[in-house]
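*Asks:* Sharing a structure here in structure tokens format.
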Amino acid sequence: MREARTTCPYCGVGCGVLAGVEDERIVEVQGDPEHPANFGRLCVKGSALHETLGHGGRLTRPSVDGVETDWDTALGAVAERLTAVRDSHGAQAVAAYLSGQLLTEDYYVANKLFKGFLGTPHLDTNSRLCMASAVAAHKRAFGADAVPCSYEDLEEAELVVLVGSNLAWNHPVLYQRLKVAKQRNPLLRVVVIDPRVTDTCEIADLYLGLEPGSDARLFTGLLAWMAAHDKLDRVYLEAHAQGFEEALVAAREQDAAVEAIAADCDVDAERLETFFYWFASHLHVVTLFSQGVNQSSSGTDKGNAIINCHLAGGKIGLPGAGPFSITGQPNAMGGREVGGLANQLAAHMDYDTPGARDRVTRFWATERLVPCLPEAPGHKAVALFEAIERGEVQALWIMATNPAVSLPRADRVREALEKCPLVIVSECMANADLLPYADIVLPASSWSEKDGTVTNSERRISRQRGILPPPGEARHDWWIICRVARRLGFGEAFAYTHPCEIFDEHARLSGFENGEGPGESRRLFDISGLAGLDRAAYDALAPIQWPVNAAAPHGTARLFTDGRFATPDGRARLLPVRPRPPAQSLDAARPLRLNTGRVRDQWHTMTRTGRAPRLMNHRAEPFIELTPEDAAALGVEEHGLARLAGAGGEYIGRVRLSRGQRRGEVFVPMHWSGHFSATARMGALLEAHLDPLSGQPESKHGAVALAPLQPAWEATLLVADDLEVAESSWCDESRYWARIPLHGCQRWQLAGGEPPGGEKEAPRDWLTWLEASLPVAPTLWCTDPASGRLRAAGVDAAGRLRWWLMVGAPVELPNLSWLDARFEEAGAGTGLSAQHRRRLLAGCDDGAANQGPVVCSCHQVGQRAILEAIREGDDSVEALGARLACGTQCGSCVPELKSLIEEEKAHASAEPIEVTAVA
Ligand code: SF4
């Protein structure tokens, strides 16, 4: 087995991965012990990477107008149609929407083509949805989009404050590092500030369950408190910052008494003051913030409110100190480096950076081909789709993202795409529900095939290496973009033969005339020290943090250590922040606050993680989480179905009760696309309220109404992967459906107002419907006419299991792994044994019940087995690990195990469970 070094393609931690390759397949993955982001650790998503590969379900041929074709025809069509739109409507009618999943080299050539050669500024990225507010806050405070810290600062801090970040689920390896640091150093304190009690609270010394959107009030209050208690670093402010007085005046415009701040944030005043005291009295403080801060109509201000406190206390540029924005995606940072946001030009130069347009024009030599680069920033993500709606943008190229799920008003995004005369989609997976809107589909390479670099949250550039060849005719994104550029007549500027040549140009641009303009300070993003790498050196490139230049040839772990910032006068800026409530208000029609986010085992729209059945088991269906009290008041029950109605659409999911929610608030996951469920795209619920500076949507604050969905029937249908079926026959007839891939079959969870076929007398009609809808007629069945329950199975002439159906609530399901194994055998051509056939309708060999949601994805341990073990006395994580192996591999489930232990103990002693008092 050969071993290849690469990087995980999921979250912004950017873990190094060792891939074991055998017979041109990746057969195992391990954490790279030498990668400084993870030192050998991987979370459950990373450790399942090899299970998401395989050529099944991949796009392998280009298509134009729905007809598969060759690359020559597809590239010609892209070039011809882009040219036609540009000639008839101008360059501003052409746009691109990119993704933090792209590699830096892909991003670089896309930005160069659209802004430099097609002459349109309308190139934005889905990083707008997660990081744009932090970018804007960095620029305002530091003069550059620069994250000051390194991961090791979390380990060197005295206090780590996590704001709007469920680190345990969204950046699990970083969470594991912090947890270990806390075990090694009991003096390290952790504060969690989040409206929800999440698994991250496992390590919290103090939890503040604040009112959603009140973060800015909390941090302006902290600034005022620091001033009032003489906890400012006046020497630092004097020497290295400006704007403090204005910031303090703004902070004092609201009542600065702790009780008043606590009331506004809806937290306990004593706890709040404890936090203020801890923050103010420690020098080595890291405040790590994420989407809970950024996804707000005032996200930029919130970021600056946090940065203000660090500057005011001199808690920056030191080991274990600084404001630390953690990116969601693996290469959100790389996209920002090349200029992948619509308000950026290139290499950390904006449109208003003095001399930038001229400099970039000369560097790219675009003046010989087109008049000049665009003069002003382009449309940010939400505005871009509005411009499409208005008909101003007529051609859109989408790469590696699905705006019809993740953008607010997602249903209108679909309408805009339908209306757009030219939609080009570069995509790896055939299950992306964006494809029906595409005029031209270009099959792209995926992780393990793509070759280039990514930059993680701590500015560390790592190689993501091409290990396997792309399937069929799939091609790398940089290759596709460059071939189109050649067809457009820009071949000379896009004559790259390998990503290392693109990286070299990117590195040279970062150092080009850097800081040489009149009155210009040096651009912090400078990797000129990596220019000129030949292919071998590029292939061998070890992870390194920028800046990398003559002054820092080995990279830079920490920024601003000398107190000099990237502003013209070298001083950081404190900003006057006046807290604003969320733009989305609640009313009688939509009285519940909607919160959205990720779940532990899924990534984005599940196109990849949905291919690993063990990752589907943690949260198999789209869900709605709310408190037991709200559920009772609203008439919904745990495991039942409910419907959320928002401004722009609806969402149907299974109810989960959570004591970690605040009253009056619901949480839904962001992952389900139209491929996995018809009515669970969370973006459809959200209005488009944007931060005025960053353009980032307020995805953490929707307003919804909730009502129970009371279907006349529920059913579980398992269908063999290789059985040709018309899925629409049950999707169209179901009020709710969710698709859950297993190993040998697809599980469909269905619910509706009428039995499929629309007739009464459910059991008999189900059989009629099955006969009409599936290519193999029912072979075995048992019914209970009184209850309407039915179990049936279809076995083909060769004795292979083809489908299995249970009519009834999913809580009645047996453990499906036995049935899944029968489908896997069928896929291998093996028929059912006589014994298996006898047990088929029971769905198991031994009466094993459904084990409930899988808690430990590594060892597939379900909730029921864990609860049983706890009841029998294994009431510690260690004891559970010894008995069931849960929690013994990647550790991602340990917080959930602890919660189950606590809940079970509280249940046993009939004591109320305290949900807000983590201290
Ligand atoms: S923590 Fe993030 S980068 Fe690391 S393995 Fe998990 S998903 Fe991948």
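By order in the structure tokens, chains are A, B, ...; within a chain, residues start at 1; ligands start at 1, following the order shown.
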Excluding Thr104 of chain A and residues on its chain fewer than 4 positions from it, collect all residues at most 7 Å away from it, counting only C-alpha atoms, and give them as a PyMOL selection string.
*Replies:* chain A and resi 108+334-335+452-454
*Asks:* Go ahead and write the residues just picked, N, CA, C and O atoms, as a short mmCIF file (atom, residue, chain, number, x, y, z; two decimals), in the first residue's frame.
*Replies:*
```
data_model
loop_
_atom_site.label_atom_id
_atom_site.label_comp_id
_atom_site.auth_asym_id
_atom_site.auth_seq_id
_atom_site.Cartn_x
_atom_site.Cartn_y
_atom_site.Cartn_z
N TYR A 108 -7.74 31.31 -8.26
CA TYR A 108 -6.89 32.34 -8.87
C TYR A 108 -7.23 32.53 -10.35
O TYR A 108 -7.42 33.66 -10.81
N GLY A 334 -8.09 30.88 1.35
CA GLY A 334 -7.42 30.92 0.05
C GLY A 334 -8.20 31.76 -0.95
O GLY A 334 -7.63 32.51 -1.75
N GLY A 335 -9.52 31.63 -0.90
CA GLY A 335 -10.36 32.43 -1.80
C GLY A 335 -10.19 33.91 -1.53
O GLY A 335 -10.15 34.73 -2.46
N GLY A 452 -3.52 20.96 -5.63
CA GLY A 452 -3.27 22.38 -5.43
C GLY A 452 -3.02 22.69 -3.98
O GLY A 452 -2.48 21.86 -3.24
N THR A 453 -3.45 23.90 -3.57
CA THR A 453 -3.22 24.31 -2.18
C THR A 453 -4.52 24.85 -1.57
O THR A 453 -5.42 25.30 -2.28
N VAL A 454 -4.56 24.77 -0.25
CA VAL A 454 -5.65 25.39 0.52
C VAL A 454 -5.01 26.13 1.69
O VAL A 454 -3.89 25.82 2.10
#
```
*Asks:* Got a sec to check which residues lie within 8 Å of ligand 1, using only C-alpha atoms and all ligand atoms, and send them as a list in words?
*Replies:*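 Counting only C-alpha atoms and all ligand atoms, the residues within 8 Å of ligand 1 come out as Thr7, Cys8, Pro9, Tyr10, Cys11, Gly12, Val13, Gly14, Cys15, Gly16, Val17, Gly31, Asn38, Arg41, Leu42, Cys43, Val44, Lys45, Gly46, Ser47, Asn170, His171, Pro172, Val173, Leu174 and Pro330 of chain A.
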*Asks:* Using N, CA, C and O atoms, can you write the selected residues to a file as a compact mmCIF listing (two decimals), in the first residue's frame?
*Replies:*
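And here is the file that came out, out_34.txt:
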```txt
# COMPACT_ATOMS: atom_id res chain seq x y z
N THR A 7 -4.71 16.92 2.38
CA THR A 7 -5.42 17.72 3.38
C THR A 7 -6.90 17.42 3.30
O THR A 7 -7.45 17.24 2.21
N CYS A 8 -7.56 17.41 4.44
CA CYS A 8 -9.01 17.16 4.50
C CYS A 8 -9.76 18.28 3.77
O CYS A 8 -9.41 19.45 3.90
N PRO A 9 -10.80 17.95 3.02
CA PRO A 9 -11.51 18.97 2.23
C PRO A 9 -12.70 19.59 2.95
O PRO A 9 -13.48 20.30 2.34
N TYR A 10 -12.89 19.30 4.22
CA TYR A 10 -14.10 19.81 4.87
C TYR A 10 -13.86 21.14 5.59
O TYR A 10 -13.79 22.17 4.96
N CYS A 11 -13.68 21.13 6.88
CA CYS A 11 -13.79 22.40 7.60
C CYS A 11 -12.49 23.21 7.59
O CYS A 11 -11.45 22.76 7.12
N GLY A 12 -12.57 24.39 8.17
CA GLY A 12 -11.45 25.32 8.14
C GLY A 12 -10.28 24.96 9.05
O GLY A 12 -9.28 25.68 9.07
N VAL A 13 -10.39 23.85 9.79
CA VAL A 13 -9.23 23.43 10.59
C VAL A 13 -8.08 23.04 9.64
O VAL A 13 -6.92 23.36 9.89
N GLY A 14 -8.45 22.36 8.53
CA GLY A 14 -7.44 22.03 7.52
C GLY A 14 -6.49 20.94 7.96
O GLY A 14 -5.26 21.09 7.89
N CYS A 15 -7.05 19.81 8.40
CA CYS A 15 -6.21 18.73 8.93
C CYS A 15 -5.42 18.03 7.83
O CYS A 15 -5.93 17.80 6.73
N GLY A 16 -4.21 17.64 8.17
CA GLY A 16 -3.41 16.82 7.27
C GLY A 16 -3.89 15.38 7.32
O GLY A 16 -4.25 14.87 8.37
N VAL A 17 -3.89 14.75 6.15
CA VAL A 17 -4.44 13.39 6.02
C VAL A 17 -3.39 12.51 5.35
O VAL A 17 -2.72 12.93 4.39
N GLY A 31 -5.00 10.50 10.27
CA GLY A 31 -4.49 11.85 10.46
C GLY A 31 -2.98 11.87 10.23
O GLY A 31 -2.29 10.92 10.58
N ASN A 38 -3.31 19.30 12.98
CA ASN A 38 -4.01 18.22 13.69
C ASN A 38 -3.10 17.20 14.37
O ASN A 38 -3.57 16.42 15.18
N ARG A 41 -4.61 13.79 14.45
CA ARG A 41 -6.03 13.59 14.76
C ARG A 41 -6.88 13.76 13.49
O ARG A 41 -6.53 14.51 12.59
N LEU A 42 -8.03 13.10 13.47
CA LEU A 42 -9.06 13.37 12.47
C LEU A 42 -10.40 13.27 13.18
O LEU A 42 -10.56 12.49 14.12
N CYS A 43 -11.38 14.02 12.73
CA CYS A 43 -12.72 13.86 13.28
C CYS A 43 -13.44 12.79 12.48
O CYS A 43 -12.89 12.21 11.55
N VAL A 44 -14.70 12.58 12.82
CA VAL A 44 -15.42 11.48 12.18
C VAL A 44 -15.60 11.73 10.68
O VAL A 44 -15.54 10.79 9.88
N LYS A 45 -15.79 12.98 10.28
CA LYS A 45 -15.94 13.25 8.84
C LYS A 45 -14.64 12.94 8.12
O LYS A 45 -14.62 12.30 7.07
N GLY A 46 -13.53 13.43 8.69
CA GLY A 46 -12.23 13.20 8.05
C GLY A 46 -11.91 11.72 7.99
O GLY A 46 -11.39 11.23 6.97
N SER A 47 -12.23 10.99 9.05
CA SER A 47 -11.86 9.58 9.07
C SER A 47 -12.75 8.74 8.16
O SER A 47 -12.45 7.58 7.91
N ASN A 170 -18.27 21.67 14.74
CA ASN A 170 -17.93 22.30 13.47
C ASN A 170 -16.43 22.38 13.20
O ASN A 170 -16.02 22.52 12.04
N HIS A 171 -15.63 22.31 14.22
CA HIS A 171 -14.18 22.28 14.08
C HIS A 171 -13.64 21.27 15.08
O HIS A 171 -12.89 21.62 16.02
N PRO A 172 -14.04 20.00 14.92
CA PRO A 172 -13.84 19.02 16.01
C PRO A 172 -12.39 18.82 16.42
O PRO A 172 -12.11 18.63 17.61
N VAL A 173 -11.48 18.85 15.48
CA VAL A 173 -10.09 18.58 15.86
C VAL A 173 -9.52 19.75 16.68
O VAL A 173 -8.77 19.55 17.64
N LEU A 174 -9.93 20.95 16.34
CA LEU A 174 -9.49 22.10 17.13
C LEU A 174 -10.06 22.01 18.54
O LEU A 174 -9.40 22.32 19.54
N PRO A 330 -12.75 24.74 3.94
CA PRO A 330 -11.35 24.38 3.92
C PRO A 330 -10.47 25.43 3.26
O PRO A 330 -9.29 25.55 3.58
```
*Asks:* Just want the 9 Å neighbourhood of Val109 of chain A, counted on only C-alpha atoms, with same-chain residues fewer than 6 positions away dropped. Output as an mmCIF file with N, CA, C and O atoms, in the first residue's frame.
*Replies:*
```cif
data_model
loop_
_atom_site.group_PDB
_atom_site.id
_atom_site.type_symbol
_atom_site.label_atom_id
_atom_site.label_comp_id
_atom_site.auth_asym_id
_atom_site.auth_seq_id
_atom_site.Cartn_x
_atom_site.Cartn_y
_atom_site.Cartn_z
ATOM 1 N N TRP A 478 -9.255 24.288 -12.549
ATOM 2 C CA TRP A 478 -8.318 25.230 -13.169
ATOM 3 C C TRP A 478 -8.164 24.917 -14.661
ATOM 4 O O TRP A 478 -8.068 25.820 -15.490
ATOM 5 N N ILE A 481 -11.288 26.183 -16.556
ATOM 6 C CA ILE A 481 -11.308 27.654 -16.677
ATOM 7 C C ILE A 481 -10.273 28.098 -17.728
ATOM 8 O O ILE A 481 -10.549 28.961 -18.571
ATOM 9 N N CYS A 482 -9.095 27.523 -17.664
ATOM 10 C CA CYS A 482 -8.040 27.932 -18.613
ATOM 11 C C CYS A 482 -8.404 27.566 -20.046
ATOM 12 O O CYS A 482 -8.105 28.313 -20.984
ATOM 13 N N PHE A 494 -3.322 32.301 -19.970
ATOM 14 C CA PHE A 494 -3.819 31.127 -19.246
ATOM 15 C C PHE A 494 -3.159 29.851 -19.769
ATOM 16 O O PHE A 494 -3.782 28.812 -19.874
ATOM 17 N N ILE A 502 0.440 28.129 -11.650
ATOM 18 C CA ILE A 502 -0.554 29.112 -11.169
ATOM 19 C C ILE A 502 -0.155 29.599 -9.778
ATOM 20 O O ILE A 502 -0.198 30.802 -9.484
#
```
*Asks:* May I ask for the distance between atom CA of Ala157 of chain A and atom CA of Phe279 of chain A, given in Å to one decimal place?
*Replies:*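 Straight-line distance from atom CA of Ala157 of chain A to atom CA of Phe279 of chain A works out to 11.4 Å.
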*Asks:* Give the answer as one residue: which of A:Asp526, A:Asp630, A:Asp691, A:Asp765 has the shortest atom-to-atom distance to Ala705 of chain A, using only C-alpha atoms?
*Replies:*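 Among the listed residues, the smallest separation from Ala705 of chain A belongs to A:Asp630.
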*Asks:* Please list as a list in words every residue within 12 Å of Ala869 of chain A, counting only C-alpha atoms and excluding residues in the same chain fewer than 2 positions away.
*Replies:*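 Once the adjacent positions are removed, what remains is Val861, Gly862, Gln863, Arg864, Ala865, Ile866, Leu867, Arg871, Glu872, Gly873, Asp874, Asp875, Ser876, Val877, Glu878, Ala879, Leu880, Gly881, Ala882, Arg883, Leu884, Ala885, Cys886, Leu897, Leu900, Ile901 and Glu904 of chain A.
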*Asks:* Nearest to Thr287 of chain A: which of A:Val423, A:Leu685, A:Val190, A:Ala79 is it, counting only C-alpha atoms?
*Replies:*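 Distance minimum relative to Thr287 of chain A lands on A:Val190.
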*Asks:* Please return as a ChimeraX atom specification: the residues of segment 195-367 of chain A that backbone DSSP assigns to strand (DSSP E or B).
*Replies:* /A:206-208,241-242,285-289,322-325,344-346,349-350
*Asks:* Using only C-alpha atoms, which protein or nucleic acid residues come within 12 Å of Thr830 of chain A? Drop anything in the same chain fewer than 4 positions from it, and give the result as number ranges by chain.
*Replies:* A: 795-802, 821-826, 836
*Asks:* Using only C-alpha atoms, determine which residues lie at most 6 Å from Leu288 of chain A, disregarding the query and same-chain residues fewer than 3 positions distant; provide the list as a CSV table (one decimal) with N, CA, C and O atoms, in the first residue's frame.
*Replies:*
```csv
chain,number,residue,atom,x,y,z
A,162,LEU,N,-15.2,31.3,23.5
A,162,LEU,CA,-15.8,30.8,22.3
A,162,LEU,C,-17.2,31.5,22.1
A,162,LEU,O,-18.1,31.3,22.8
A,324,PHE,N,-9.8,35.6,17.2
A,324,PHE,CA,-9.5,34.5,16.3
A,324,PHE,C,-10.7,34.1,15.5
A,324,PHE,O,-11.6,33.4,16.1
A,325,SER,N,-10.9,34.6,14.3
A,325,SER,CA,-12.0,34.2,13.5
A,325,SER,C,-11.7,32.8,12.9
A,325,SER,O,-10.7,32.6,12.2
```
*Asks:* As a list of chain:residue names, which residues of segment 781-860 of chain A does DSSP assign to helix (DSSP H, G or I)?
*Replies:* A:Pro810, A:Val811, A:Glu812, A:Leu816, A:Ser817, A:Trp818, A:Leu819, A:Asp820, A:Ala821, A:Arg822, A:Phe823, A:Glu824, A:Glu825, A:Ala826, A:Gly827, A:Ala834, A:Gln835, A:His836, A:Arg837, A:Arg838, A:Arg839
*Asks:* Nearest to Met682 of chain A among A:Val725, A:Val405, A:Val413, A:Leu742, with distances taken over only C-alpha atoms: which residue is it?
*Replies:*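 The answer is A:Val405, which sits nearest to Met682 of chain A.
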*Asks:* Find, counting only C-alpha atoms, the residue in A:Leu341, A:Ala136, A:Ala168, A:Leu113 that gets nearest to Ile307 of chain A.
*Replies:*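 For Ile307 of chain A, the nearest of the given residues is A:Ala136.
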*Asks:* Quick check, in Å to one decimal: how far apart do atom CA of Leu178 of chain A and atom CA of Thr556 of chain A lie?
*Replies:*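 Straight-line distance from atom CA of Leu178 of chain A to atom CA of Thr556 of chain A works out to 21.4 Å.
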*Asks:* Name all residues at most 8 Å from segment 158-160 of chain A (count only C-alpha atoms; drop same-chain ones fewer than 3 positions away) and give them as a PyMOL selection string.
*Replies:* chain A and resi 154+187-191+278-279+282-288+320
*Asks:* From the set A:Asp70, A:Gly76, A:Gly221, A:Ser290, which residue has the shortest atom-to-atom contact distance to Ala260 of chain A, counting only C-alpha atoms?
*Replies:* A:Gly221
*Asks:* Enter the distance from atom CA of Ala430 of chain A to atom CA of Leu59 of chain A, in Å, rounded to one decimal.
*Replies:*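 It comes out at 5.2 Å.
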*Asks:* Which of these residues is nearest to Val382 of chain A, using only C-alpha atoms: A:Ala438, A:Arg409, A:Gln329, A:Trp397?
*Replies:*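 Among the listed residues, the smallest separation from Val382 of chain A belongs to A:Arg409.
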